[in-house]
Amino acid sequence: MTQAEIIEALLAFIARPDASEAEFEAMALKVFAYQFRNNAPYKRFCLQRGRTPLAVKRWCDIPAVPITAFKDLTLSCCPPEAASHVFMTSGTTQGVRGRSYHPTLAVWQRSMLDNFRARFMRGRARIRMGILFPDDGELPNSSLAHYLSLARRACGTPDSQGFIDAGGLDLDGLLAALARAEAGGEPYALLGASYSFVPVLDALAAQGRRFALPEGSLILDTGGFKGQSRELAPDAFYDALSAAFGVPRDSCINMYGMTELSSQFYDDGNAVCPSVKSGPHWVRSRVVDPLTGADLPDGEGGVLVHHDLAHFNCVSAILTEDAGEIVPGGFLLLGRVDGEASKGCSVAVAEFLAAARG
C-alpha cells in the first residue's frame, strides 16, 4: 500500500466502532507490511527475528520495538524531512529526545478526537475548558500541547481559556474562571499535565479556598509529575482534586499517552486506584515478559506492549517501560518497571539496536 492508501484505510477503520477482531487483525497486518517495507531499521530488526509479512499471521506476533529506541534511531516510513510534524519526548537521555515523525496529522487528529469524545466528553458536544498547559503555538513539538489545543478547539466552548504560557501559571485568571464557573451553573472541565495541578492545589490550600464546580464538571490529568512538582500518591492526588474543585473522583479522569504512539488510553474515573485503563478499537495492549517477549496470563504483572494502528508512519507495536497487568475491561498501569523487568527492557533495547543497525 502507498502512504495515501494506508492513510485512507486507517481513517475508514477508525470511523468504524463496530470493527471485528478479524478486521483489526487484517488492518494490523497491512500496517505491519507497510512499515516493514518502508522503515529500514525496523525491517532489519524484523528480519533478524524471522518476522516478515509472509510469516506473521497474527497481530500479536508483530515485533514490538522498545520505546527508548526512538531516542537512538530514526524510525519513520517517510523521509524525516518530509514530515509535517515532529513530536519529541520531554525526557532526555544524554541530551537526546525521542522523536515521532508524522507526514500528516490527519490520522493522529482523528484518533485523538474520536477517542476523546467517546471517553472524556461523556455525550457532550462542547464544554467550557480551562487548560493547564502551554498551547501548540508555544510548544510545537509537544504531542500533549497538540492534544490539549485540539481538545479546546474542537470540544471547548468559545470562552475556554489556557492558564499556562511562557510566563508561567496565571493563577488569578484561573481562580476568576473557576469562580465564574461555580456561580454560572454550567459544567466546567479542567485539563492539564498532572504536575500542573500541584501548584494550584498548593495555592488553594494556602488561601484556605475551595470550589464547588457544577454537577457534570470534569478533570483530566496526564503525564505524571516528572520531577516538575512534588509527587503525590494517586489516592492523595485525586482526594485533593476532588476536595479543591468539588468534582467527584469518578469524574477525575486520567489519560495515559506517549509521544511514541498516536492514540491515548483512558480510565472511567478514579474512584478506585489503580484505575482500569483501555484504548479504542484500533489499539490492543498486551503484558509480556521483557526477556522472552512471551505473553503473560491475565492478572500477572509484566511490561506493557501497545499495538496502535494509528501510529502508522513509525512503528505501531511498542514495548514500553511501564509495568502493568491485563484485567477485565483493560489493564492496570502499575508504574515504571524495576528489578528484573527493568533489566529485561534494557536487554530488549540492546538487541533491537544491534539488529536495527545491522
# chains A, B, ... in the order shown; residues from 1 in each chain; ligands from 1
call {"tool": "residues_around", "arguments": {"residues": "A:Arg110", "least_positions_apart": "3", "cutoff": "10 Å", "atoms": "only C-alpha atoms", "output": "JSON, numbers by chain"}}
result
{"A": [10, 11, 14, 15, 105, 106, 107, 113, 114, 115, 116, 262, 263, 310]}
call {"tool": "residues_around", "arguments": {"residues": "A:Arg99", "least_positions_apart": "5", "cutoff": "7 Å", "atoms": "only C-alpha atoms", "output": "ChimeraX atom specification"}}
result
/A:70-71,86-89
call {"tool": "write_last_selection", "arguments": {"atoms": "N, CA and C atoms", "output": "compact mmCIF listing (two decimals), in the first residue's frame"}}
result
# COMPACT_ATOMS: atom_id res chain seq x y z
N PHE A 70 13.41 5.08 20.10
CA PHE A 70 13.08 6.32 19.41
C PHE A 70 14.12 7.41 19.67
N LYS A 71 14.91 7.25 20.74
CA LYS A 71 15.95 8.23 21.04
C LYS A 71 17.26 7.92 20.32
N VAL A 86 6.86 16.88 13.85
CA VAL A 86 7.74 16.01 14.62
C VAL A 86 7.44 16.24 16.08
N PHE A 87 6.97 15.20 16.75
CA PHE A 87 6.73 15.29 18.19
C PHE A 87 7.94 14.71 18.92
N MET A 88 8.36 15.40 19.99
CA MET A 88 9.54 15.00 20.74
C MET A 88 9.17 14.70 22.18
N THR A 89 9.85 13.73 22.74
CA THR A 89 9.62 13.40 24.15
C THR A 89 10.15 14.52 25.03
call {"tool": "select_by_dssp", "arguments": {"residues": "stretch 22-117 of chain A", "states": "alpha helix (DSSP H)", "output": "PyMOL selection string"}}
result
chain A and resi 22-38+40-49+106-117
call {"tool": "closest_residue", "arguments": {"among": "A:Val287, A:Ala212, A:Ile131, A:Ala177", "to": "A:Ile164", "atoms": "only C-alpha atoms"}}
result
A:Ile131
call {"tool": "residues_around", "arguments": {"residues": "A:Thr2", "least_positions_apart": "3", "cutoff": "12 Å", "atoms": "only C-alpha atoms", "output": "PyMOL selection string"}}
result
chain A and resi 5-9+30-31+33-35+37-38+77-78+312-313
call {"tool": "write_last_selection", "arguments": {"atoms": "N, CA and C atoms", "output": "mmCIF file, in the first residue's frame"}}
result
data_model
loop_
_atom_site.group_PDB
_atom_site.id
_atom_site.type_symbol
_atom_site.label_atom_id
_atom_site.label_comp_id
_atom_site.auth_asym_id
_atom_site.auth_seq_id
_atom_site.Cartn_x
_atom_site.Cartn_y
_atom_site.Cartn_z
ATOM 1 N N GLU A 5 -2.803 5.397 0.478
ATOM 2 C CA GLU A 5 -3.733 4.277 0.662
ATOM 3 C C GLU A 5 -3.809 3.837 2.122
ATOM 4 N N ILE A 6 -2.670 3.806 2.822
ATOM 5 C CA ILE A 6 -2.707 3.378 4.217
ATOM 6 C C ILE A 6 -3.414 4.414 5.064
ATOM 7 N N ILE A 7 -3.235 5.694 4.752
ATOM 8 C CA ILE A 7 -3.939 6.749 5.489
ATOM 9 C C ILE A 7 -5.441 6.632 5.275
ATOM 10 N N GLU A 8 -5.854 6.458 4.027
ATOM 11 C CA GLU A 8 -7.288 6.325 3.724
ATOM 12 C C GLU A 8 -7.885 5.122 4.430
ATOM 13 N N ALA A 9 -7.160 3.995 4.421
ATOM 14 C CA ALA A 9 -7.663 2.782 5.066
ATOM 15 C C ALA A 9 -7.783 2.958 6.574
ATOM 16 N N LYS A 30 -1.756 -5.197 7.528
ATOM 17 C CA LYS A 30 -1.483 -4.234 6.457
ATOM 18 C C LYS A 30 -0.521 -3.152 6.932
ATOM 19 N N VAL A 31 -0.745 -2.653 8.150
ATOM 20 C CA VAL A 31 0.147 -1.628 8.692
ATOM 21 C C VAL A 31 1.550 -2.194 8.884
ATOM 22 N N ALA A 33 2.960 -4.633 7.208
ATOM 23 C CA ALA A 33 3.589 -4.779 5.889
ATOM 24 C C ALA A 33 4.096 -3.438 5.376
ATOM 25 N N TYR A 34 3.318 -2.387 5.604
ATOM 26 C CA TYR A 34 3.724 -1.042 5.176
ATOM 27 C C TYR A 34 4.992 -0.605 5.908
ATOM 28 N N GLN A 35 5.037 -0.840 7.209
ATOM 29 C CA GLN A 35 6.202 -0.437 7.996
ATOM 30 C C GLN A 35 7.427 -1.297 7.663
ATOM 31 N N ARG A 37 8.144 -2.575 4.838
ATOM 32 C CA ARG A 37 8.644 -2.190 3.525
ATOM 33 C C ARG A 37 9.337 -0.820 3.546
ATOM 34 N N ASN A 38 8.892 0.084 4.399
ATOM 35 C CA ASN A 38 9.329 1.480 4.315
ATOM 36 C C ASN A 38 10.201 1.968 5.464
ATOM 37 N N CYS A 77 8.649 5.864 8.233
ATOM 38 C CA CYS A 77 8.438 5.342 6.879
ATOM 39 C C CYS A 77 8.643 6.422 5.823
ATOM 40 N N CYS A 78 8.409 7.670 6.187
ATOM 41 C CA CYS A 78 8.678 8.760 5.249
ATOM 42 C C CYS A 78 10.034 9.372 5.585
ATOM 43 N N PHE A 312 1.087 4.816 12.222
ATOM 44 C CA PHE A 312 1.423 4.063 11.017
ATOM 45 C C PHE A 312 2.772 4.444 10.427
ATOM 46 N N ASN A 313 3.241 5.667 10.653
ATOM 47 C CA ASN A 313 4.468 6.093 9.984
ATOM 48 C C ASN A 313 5.737 5.648 10.696
#
call {"tool": "residues_around", "arguments": {"residues": "A:Leu304", "least_positions_apart": "2", "cutoff": "7 Å", "atoms": "only C-alpha atoms", "output": "CSV table (one decimal) with C-alpha atoms, in the first residue's frame"}}
result
chain,number,residue,atom,x,y,z
A,285,SER,CA,-2.5,-4.0,24.7
A,286,ARG,CA,-0.6,-7.0,26.0
A,287,VAL,CA,1.6,-7.7,29.0
A,288,VAL,CA,4.8,-9.6,28.4
A,302,GLY,CA,4.8,-7.7,33.4
A,306,HIS,CA,0.8,-1.4,22.9
A,319,LEU,CA,7.4,-2.3,24.2
A,320,THR,CA,7.0,0.3,26.9
A,322,ASP,CA,5.6,0.6,32.1
A,323,ALA,CA,4.6,-2.2,34.4
A,324,GLY,CA,1.0,-3.4,34.2
call {"tool": "closest_residue", "arguments": {"among": "A:Gly223, A:Glu23, A:Leu333, A:Ala356", "to": "A:Arg58", "atoms": "only C-alpha atoms"}}
result
A:Glu23
call {"tool": "residues_around", "arguments": {"residues": "A:Glu351", "least_positions_apart": "4", "cutoff": "10 Å", "atoms": "only C-alpha atoms", "output": "list in words"}}
result
Phe45, Gln48, Pro66, Cys345, Ser346, Val347, Ala355 and Ala356 of chain A
call {"tool": "write_last_selection", "arguments": {"atoms": "C-alpha atoms", "output": "short mmCIF file (atom, residue, chain, number, x, y, z; two decimals), in the first residue's frame"}}
result
data_model
loop_
_atom_site.label_atom_id
_atom_site.label_comp_id
_atom_site.auth_asym_id
_atom_site.auth_seq_id
_atom_site.Cartn_x
_atom_site.Cartn_y
_atom_site.Cartn_z
CA PHE A 45 15.05 -5.97 13.27
CA GLN A 48 16.65 -10.83 12.47
CA PRO A 66 11.49 -0.88 22.76
CA CYS A 345 13.83 -3.98 28.94
CA SER A 346 17.50 -2.99 28.76
CA VAL A 347 18.35 -6.29 27.09
CA ALA A 355 19.66 -5.80 14.81
CA ALA A 356 18.29 -2.48 13.53
#
